[in-house]
Every structure is written in C-alpha cells, then in structure tokens.
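Dropping coords_3.cif in here (mmCIF, C-alpha atoms):
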data_model
loop_
_atom_site.label_atom_id
_atom_site.label_comp_id
_atom_site.auth_asym_id
_atom_site.auth_seq_id
_atom_site.Cartn_x
_atom_site.Cartn_y
_atom_site.Cartn_z
CA MET A 1 61.61 26.56 -33.48
CA VAL A 2 58.73 24.11 -33.06
CA LEU A 3 57.15 23.62 -29.65
CA GLY A 4 56.16 20.33 -28.13
CA LEU A 5 54.28 19.55 -24.97
CA ASP A 6 55.76 21.21 -21.87
CA THR A 7 58.17 23.38 -23.86
CA VAL A 8 59.25 26.38 -21.80
CA ILE A 9 60.70 29.58 -23.19
CA GLY A 10 63.07 31.38 -20.83
CA GLN A 11 62.42 34.85 -19.46
CA LYS A 12 64.19 37.98 -20.64
CA GLY A 13 64.91 40.76 -18.16
CA ARG A 14 64.35 44.37 -19.30
CA PHE A 15 64.36 47.84 -17.87
CA CYS A 16 61.46 50.14 -18.69
CA LYS A 17 62.38 53.24 -20.66
CA GLY A 18 60.49 56.47 -20.96
CA LEU A 19 58.08 56.00 -18.06
CA LYS A 20 58.19 57.16 -14.46
CA GLU A 21 58.55 54.92 -11.45
CA LYS A 22 54.88 53.94 -11.13
CA ILE A 23 54.83 50.99 -13.52
CA PHE A 24 52.84 47.79 -13.17
CA PHE A 25 54.36 44.37 -13.73
CA LEU A 26 58.03 45.19 -13.24
CA MET A 27 58.09 42.77 -10.31
CA PRO A 28 55.74 39.93 -9.34
CA ASP A 29 52.92 40.83 -6.97
CA ASN A 30 52.00 37.94 -4.72
CA ASN A 31 48.50 39.38 -4.22
CA HIS A 32 47.61 38.91 -7.89
CA LYS A 33 47.33 35.73 -9.92
CA LEU A 34 46.92 37.14 -13.42
CA SER A 35 46.28 40.63 -14.77
CA VAL A 36 44.56 41.39 -18.05
CA CYS A 37 44.14 44.56 -20.10
CA MET A 38 42.06 44.80 -23.28
CA LEU A 39 44.13 47.18 -25.38
CA ALA A 40 41.70 47.07 -28.32
CA SER A 41 38.90 44.92 -29.63
CA GLY A 42 36.96 45.12 -32.88
CA SER A 43 37.26 44.86 -36.64
CA ARG A 44 39.93 47.61 -36.76
CA GLY A 45 42.33 45.95 -34.35
CA ASN A 46 42.63 43.52 -31.44
CA ALA A 47 45.22 43.15 -28.69
CA VAL A 48 45.16 41.73 -25.16
CA PHE A 49 47.86 42.20 -22.51
CA VAL A 50 48.29 39.37 -19.98
CA SER A 51 50.79 39.31 -17.11
CA ASP A 52 51.49 37.54 -13.85
CA GLY A 53 53.87 40.25 -12.67
CA SER A 54 57.02 38.61 -14.01
CA THR A 55 55.98 37.40 -17.47
CA SER A 56 54.00 39.67 -19.80
CA ILE A 57 52.62 38.79 -23.23
CA LEU A 58 50.41 40.18 -25.94
CA VAL A 59 47.72 37.98 -27.40
CA ASP A 60 47.49 39.41 -30.92
CA ALA A 61 48.74 42.84 -31.94
CA GLY A 62 46.22 44.19 -34.44
CA LEU A 63 46.98 47.90 -34.08
CA SER A 64 50.10 49.70 -35.27
CA GLY A 65 53.14 49.24 -33.10
CA ILE A 66 53.10 52.90 -32.08
CA GLU A 67 49.44 52.72 -31.05
CA ILE A 68 49.93 49.56 -29.00
CA GLU A 69 52.86 51.20 -27.21
CA ARG A 70 50.72 54.28 -26.55
CA ARG A 71 47.87 52.22 -25.12
CA LEU A 72 50.19 50.19 -22.92
CA LYS A 73 51.73 53.35 -21.51
CA SER A 74 48.27 54.88 -20.99
CA GLN A 75 47.68 52.08 -18.46
CA GLU A 76 51.19 52.45 -17.00
CA LEU A 77 52.31 49.22 -18.63
CA CYS A 78 55.84 48.97 -19.95
CA PRO A 79 56.36 47.80 -23.56
CA GLU A 80 59.97 46.92 -22.77
CA ASN A 81 58.76 44.34 -20.26
CA LEU A 82 56.91 42.28 -22.85
CA ASP A 83 58.22 38.74 -23.23
CA ALA A 84 56.35 37.51 -26.31
CA ILE A 85 53.50 37.95 -28.78
CA VAL A 86 51.05 35.08 -29.27
CA VAL A 87 48.98 35.09 -32.47
CA SER A 88 45.50 33.60 -32.89
CA HIS A 89 45.19 33.85 -36.69
CA GLU A 90 46.41 35.82 -39.68
CA HIS A 91 43.66 38.41 -40.24
CA PHE A 92 45.07 41.92 -40.37
CA ASP A 93 43.11 43.15 -37.35
CA HIS A 94 45.09 40.65 -35.28
CA ILE A 95 48.61 40.95 -36.73
CA HIS A 96 49.05 44.57 -37.88
CA GLY A 97 51.67 45.43 -35.25
CA VAL A 98 53.21 41.99 -34.71
CA GLY A 99 56.27 42.43 -36.91
CA VAL A 100 57.25 45.92 -35.83
CA LEU A 101 56.84 45.15 -32.12
CA SER A 102 58.81 41.93 -32.46
CA ARG A 103 61.67 43.75 -34.17
CA ARG A 104 61.57 46.78 -31.87
CA PHE A 105 61.60 44.82 -28.59
CA ASP A 106 63.24 41.59 -29.76
CA LEU A 107 60.12 39.56 -29.00
CA PRO A 108 59.51 35.96 -30.05
CA VAL A 109 56.30 35.45 -32.00
CA PHE A 110 54.32 32.31 -31.10
CA ILE A 111 52.19 31.24 -34.05
CA THR A 112 51.08 28.06 -35.80
CA GLU A 113 53.01 27.08 -38.92
CA GLN A 114 49.98 27.52 -41.20
CA THR A 115 49.16 30.92 -39.74
CA SER A 116 52.80 31.96 -40.04
CA ARG A 117 52.82 31.17 -43.74
CA ALA A 118 49.59 33.08 -44.27
CA ALA A 119 50.78 36.08 -42.25
CA CYS A 120 54.40 36.36 -43.40
CA SER A 121 53.82 39.07 -46.02
CA HIS A 122 52.25 41.35 -43.39
CA ILE A 123 54.51 40.50 -40.46
CA GLY A 124 57.74 40.74 -42.43
CA LYS A 125 61.11 39.46 -41.24
CA VAL A 126 61.05 38.33 -37.62
CA LYS A 127 64.14 36.94 -35.90
CA ASN A 128 62.38 34.48 -33.61
CA ILE A 129 59.29 32.65 -34.85
CA VAL A 130 58.14 29.88 -32.50
CA ASN A 131 55.61 27.49 -33.99
CA PHE A 132 53.06 25.85 -31.73
CA GLU A 133 50.38 23.31 -32.62
CA SER A 134 46.71 23.76 -31.95
CA GLY A 135 45.75 21.44 -29.11
CA THR A 136 49.26 21.27 -27.59
CA SER A 137 50.08 23.31 -24.49
CA PHE A 138 53.28 25.33 -24.19
CA ALA A 139 54.79 27.64 -21.59
CA ILE A 140 56.26 31.12 -21.71
CA ASN A 141 58.10 31.35 -18.42
CA SER A 142 55.45 30.98 -15.71
CA LEU A 143 52.42 31.15 -18.04
CA THR A 144 50.96 27.95 -19.45
CA ILE A 145 49.11 28.53 -22.72
CA HIS A 146 46.77 26.09 -24.36
CA PRO A 147 45.66 26.85 -27.94
CA PHE A 148 42.42 25.22 -29.08
CA PRO A 149 40.88 25.17 -32.57
CA THR A 150 38.08 27.56 -33.48
CA SER A 151 35.67 27.77 -36.39
CA HIS A 152 36.68 30.84 -38.39
CA ASP A 153 37.61 31.63 -41.99
CA ALA A 154 41.37 31.58 -41.47
CA GLU A 155 44.10 29.00 -42.12
CA ASP A 156 44.51 27.60 -38.59
CA PRO A 157 42.59 29.80 -36.12
CA VAL A 158 42.83 29.20 -32.39
CA GLY A 159 41.51 30.48 -29.10
CA PHE A 160 43.58 30.35 -25.93
CA THR A 161 43.43 29.52 -22.28
CA ILE A 162 46.21 30.92 -20.12
CA ASN A 163 46.94 29.34 -16.75
CA LEU A 164 48.94 30.31 -13.70
CA ASP A 165 48.64 27.79 -10.90
CA LYS A 166 44.85 27.41 -10.48
CA THR A 167 43.91 30.70 -12.15
CA LYS A 168 42.75 30.44 -15.76
CA ILE A 169 41.61 32.93 -18.37
CA GLY A 170 39.92 32.09 -21.66
CA ILE A 171 40.09 34.05 -24.91
CA ALA A 172 37.57 33.09 -27.59
CA THR A 173 36.79 35.62 -30.30
CA ASP A 174 36.35 35.22 -34.07
CA LEU A 175 34.06 32.23 -33.62
CA GLY A 176 31.68 31.11 -36.32
CA ILE A 177 30.15 28.67 -33.86
CA ALA A 178 30.88 27.72 -30.27
CA THR A 179 31.84 24.08 -30.66
CA SER A 180 31.78 21.51 -27.88
CA MET A 181 35.56 21.72 -27.79
CA VAL A 182 35.46 25.49 -27.30
CA LYS A 183 32.99 25.09 -24.44
CA GLU A 184 35.11 22.40 -22.81
CA HIS A 185 38.24 24.56 -22.85
CA LEU A 186 36.43 27.62 -21.47
CA LYS A 187 35.14 25.83 -18.38
CA ASP A 188 36.47 26.87 -14.96
CA CYS A 189 37.93 30.20 -16.08
CA SER A 190 38.31 33.14 -13.69
CA LEU A 191 38.06 35.57 -16.59
CA LEU A 192 36.50 35.11 -20.03
CA ILE A 193 36.97 37.20 -23.15
CA LEU A 194 34.05 36.22 -25.38
CA GLU A 195 32.99 37.41 -28.79
CA ALA A 196 29.70 39.33 -29.05
CA ASN A 197 30.03 40.56 -32.60
CA HIS A 198 26.58 41.47 -33.82
CA ASP A 199 22.89 41.86 -33.14
CA LYS A 200 21.12 39.65 -35.68
CA ASP A 201 18.47 42.22 -36.61
CA MET A 202 20.99 45.05 -36.92
CA LEU A 203 23.15 42.89 -39.17
CA ILE A 204 20.31 41.80 -41.47
CA ASN A 205 18.85 45.31 -41.73
CA GLY A 206 22.17 47.11 -41.80
CA PRO A 207 24.28 48.55 -44.64
CA TYR A 208 26.64 45.64 -45.31
CA PRO A 209 26.47 43.86 -48.71
CA TRP A 210 24.52 40.61 -48.60
CA GLU A 211 27.66 38.53 -49.20
CA LEU A 212 29.39 40.07 -46.17
CA LYS A 213 26.30 39.55 -44.03
CA GLN A 214 26.33 35.87 -44.97
CA ARG A 215 30.05 35.58 -44.16
CA ILE A 216 29.50 37.07 -40.71
CA LYS A 217 26.50 34.82 -39.98
CA ASN A 218 27.93 31.52 -41.18
CA ARG A 219 29.78 28.79 -39.30
CA THR A 220 33.19 30.36 -39.96
CA GLY A 221 32.16 33.94 -39.22
CA HIS A 222 31.34 35.63 -35.93
CA LEU A 223 29.07 35.04 -32.92
CA SER A 224 25.88 37.02 -32.42
CA ASN A 225 24.77 38.32 -29.04
CA GLU A 226 22.37 35.41 -28.68
CA GLU A 227 25.05 32.87 -29.54
CA SER A 228 27.44 34.50 -27.08
CA LYS A 229 24.75 34.28 -24.39
CA ASN A 230 24.34 30.55 -25.07
CA LEU A 231 28.10 30.02 -24.86
CA LEU A 232 28.33 31.93 -21.59
CA SER A 233 25.41 29.95 -20.17
CA ALA A 234 27.28 26.73 -20.95
CA VAL A 235 30.52 27.74 -19.20
CA CYS A 236 29.42 30.12 -16.42
CA HIS A 237 30.19 29.06 -12.85
CA ASP A 238 30.21 30.66 -9.43
CA MET A 239 33.98 31.22 -9.31
CA LEU A 240 33.98 33.23 -12.55
CA GLN A 241 35.04 36.81 -11.75
CA HIS A 242 34.96 38.76 -15.02
CA VAL A 243 33.41 38.46 -18.48
CA ILE A 244 34.58 40.83 -21.20
CA LEU A 245 32.50 41.03 -24.39
CA ALA A 246 34.81 41.50 -27.35
CA HIS A 247 35.10 41.97 -31.10
CA MET A 248 31.88 43.98 -31.12
CA SER A 249 30.80 45.45 -34.45
CA GLU A 250 30.54 49.23 -34.47
CA THR A 251 27.93 48.98 -37.25
CA ASN A 252 25.86 45.95 -36.29
CA ASN A 253 25.80 46.03 -32.49
CA THR A 254 25.72 48.30 -29.47
CA PRO A 255 27.09 47.75 -25.97
CA GLU A 256 23.57 48.22 -24.56
CA LYS A 257 22.09 45.49 -26.76
CA ALA A 258 24.90 43.08 -26.00
CA LEU A 259 24.76 43.63 -22.24
CA ASN A 260 20.96 43.33 -22.13
CA ILE A 261 20.96 40.07 -24.07
CA ILE A 262 24.02 38.39 -22.56
CA GLY A 263 23.74 39.65 -18.97
CA PRO A 264 20.98 37.21 -17.92
CA ALA A 265 23.36 34.30 -18.60
CA LEU A 266 25.37 35.20 -15.50
CA THR A 267 24.61 32.93 -12.57
CA ASN A 268 26.25 35.09 -9.91
CA LYS A 269 25.56 38.78 -9.36
CA ASN A 270 29.19 39.29 -8.32
CA ILE A 271 30.50 38.47 -11.81
CA GLN A 272 31.57 41.68 -13.54
CA LEU A 273 30.37 42.02 -17.14
CA SER A 274 31.95 44.64 -19.40
CA VAL A 275 32.45 45.53 -23.05
CA ALA A 276 35.85 45.97 -24.71
CA THR A 277 36.04 48.93 -27.07
CA GLN A 278 37.87 49.72 -30.27
CA ASN A 279 39.11 53.24 -29.63
CA GLU A 280 40.67 53.02 -26.18
CA SER A 281 42.16 50.46 -23.85
CA GLY A 282 40.27 49.11 -20.88
CA SER A 283 41.52 49.24 -17.34
CA VAL A 284 43.88 46.62 -15.99
CA ILE A 285 41.94 43.82 -14.31
CA HIS A 286 43.72 42.03 -11.47
CA LEU A 287 42.41 38.57 -10.70
CA LYS A 288 42.48 37.41 -7.12
#

Write out the structure in this file as structure tokens.
Amino acid sequence: MVLGLDTVIGQKGRFCKGLKEKIFFLMPDNNHKLSVCMLASGSRGNAVFVSDGSTSILVDAGLSGIEIERRLKSQELCPENLDAIVVSHEHFDHIHGVGVLSRRFDLPVFITEQTSRAACSHIGKVKNIVNFESGTSFAINSLTIHPFPTSHDAEDPVGFTINLDKTKIGIATDLGIATSMVKEHLKDCSLLILEANHDKDMLINGPYPWELKQRIKNRTGHLSNEESKNLLSAVCHDMLQHVILAHMSETNNTPEKALNIIGPALTNKNIQLSVATQNESGSVIHLK
C-alpha cells in the first residue's frame, strides 16, 4: 500500500493479555492530549511509544521484540494495544524488532519505499507494509504524522512530527546537520525528542577509529551537544513542555555534559529537560 495525503488507516481493537487491570491507554483519557514513553535511545537500540489513549504506535523498534515488550510492560503499557510501527530509517538500531513485533501483533509497518528495500533483509516477511513519502502527511487513526527529510547516512531518512488537534511532538535524531527544514518542522512542538549524540572533545580524544570519528562528525552523521543546543535555541518557545535528549553516545558523551551545554537554550524555566537512556525505559510523559 502507498499512502497519499490525508490517507487514514483504520483502528484495530485489541484486548490486553498477561497484564493486570491497571493498564494505560486502553481507553482514551480526555485529560491528556498525547503521551510519550522513551523505551530506549542510543546506538544499541531506539524505540519511542506514542499514544493518545485510543491509538498507540511505536516510532522505530531497535531492540529485540521480547525486550520491547518487556519495557512496555514495565511502564504498564500493553503491547497488544499497539496499532502500528513507524520507521525512520534502516539502521539496525532502529529496526531490530520491527519484523517480529509486526508478525506477533499483526501490526502494519509504515516505512518509505527506499527504506523498506534497504531494511527488508533484517525485517523479514511482513504482511502489511505501508509506504509513505517523506514530506507527505498521513494518519493512523486519530494521529497525524508528518515525515520530513533529515541529513543522515541512510537511504531515505526522516524525522517525524505527530499531531493530535493542537498538540504536536517532534522527533529528530540521527541528524548530521539541523537543516532549515528540520527547524521549520520542529517549531511549535509541545514535546521535542532531540539528538545530543556526542561531546566534541570526548569524541576527538576518545577511542573510536579516526574514520568513525569523521563519520559521526560529518553532515550525514550525528549532532553534537553544541549543535543540539543551537537547534533547540532556534525552535524553543514558551509553550514547549518537555525536551528529551536522545541518541546519546555512551562512549563520547555524558548526561551531565549534555544537560550543562544544552540547558541554557531553554527560554522558560518550566520546560522539563531530560535524557533518554539506553538500558531502561523512561517514564510515561502525559502532555496537557
């Protein structure tokens, strides 16, 4: 299936198995616009859970299927209630669990045609592949998703904004540079997930081979703390509620360095700034 503008995929109803009654997102909650949970972020696997209470999706699934299920359940989120997986690009740390989760829960996989071709050997046979085009919005039930092009060393990499009514979240990791287009799409978000991959000095003086250091630094690599600060400065506004720093290198960065460098870009002391980690999921964030 190929999506065009304003394409809407219908909702599937599911019952949650294996968890007790206290489960988030089984029914819509009128007090919440969107809810977000960083299941994992880093070079060993990335996955973001997004829900409005009736529609729930994964943006990337870069851990094993079993581990993603475990992390969802650790936050009292129900894997059976997922409606789709949306893929940003074909690197293994973003697609590791896509195929198995799609087959296990009968989930459609939303992916660009070029990324699908590049990822097919890892994803395996999937019953429902839905191709979208970078730059063209599509809907999964109540969620409107807009993919925008990013500068990264993949076939057709994209970032995403996800909208529900007037609430908008932005997901922009794996950025070699923050282009004007990226900045434009990330304006007016209530929550931002931004890459803060490396500290420049730690990268240069660290253990990586020179060729890998150059790949990380170049225009199709990853954002440094300083570059992330500049991006946040360009898109920060008073209605922004949360900023999550993501895809942080365990070798070439520390949460303390990233927070100290990027924190001053916040224009409002009420904006919550946090760091997503590799080894455990974050808490569920409910946007108001």

In Å, how far is it from atom CA of A:Met38 to atom CA of A:His185?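 Atom CA of A:Met38 sits 20.6 Å away from atom CA of A:His185.
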
Of the residues A:His94, A:Lys33, A:His242, A:Arg71, which is the one nearest to A:Ser281, using all atoms listed in the file?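 Distance minimum relative to A:Ser281 lands on A:Arg71.
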
Calculated over only C-alpha atoms, which of the candidates A:Ala47, A:Leu287, A:Val235, A:Ile85 has the smallest distance to A:Leu266?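 That would be A:Val235, the residue with the smallest distance to A:Leu266.
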
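Candidate residues A:Ser228, A:Thr251, A:Ser74, A:Thr161 were compared for distance to A:Tyr208, and the nearest is A:Thr251, using all atoms listed in the file.
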
Please write as number ranges by chain the full residue list that the PyMOL selection byres ((chain A and resi 62-70) around 6) yields on this file. A: 45-47, 61, 71-73, 93-97, 100-101

A:Thr277, A:Asn270, A:Ser51, A:Asn230: which is nearest A:Thr254, counting all atoms listed in the file?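 Counting all atoms listed in the file, the residue closest to A:Thr254 is A:Thr277.
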
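Here the PyMOL selection byres ((chain A and resi 246) around 6) catches exactly these residues: A:Ser41, A:Leu194, A:Glu195, A:Ala196, A:Leu245, A:His247, A:Met248, A:Ala276.
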
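Taking atom CA of A:Leu39 and atom CA of A:Ile262 as endpoints, the distance between them is 22.1 Å.
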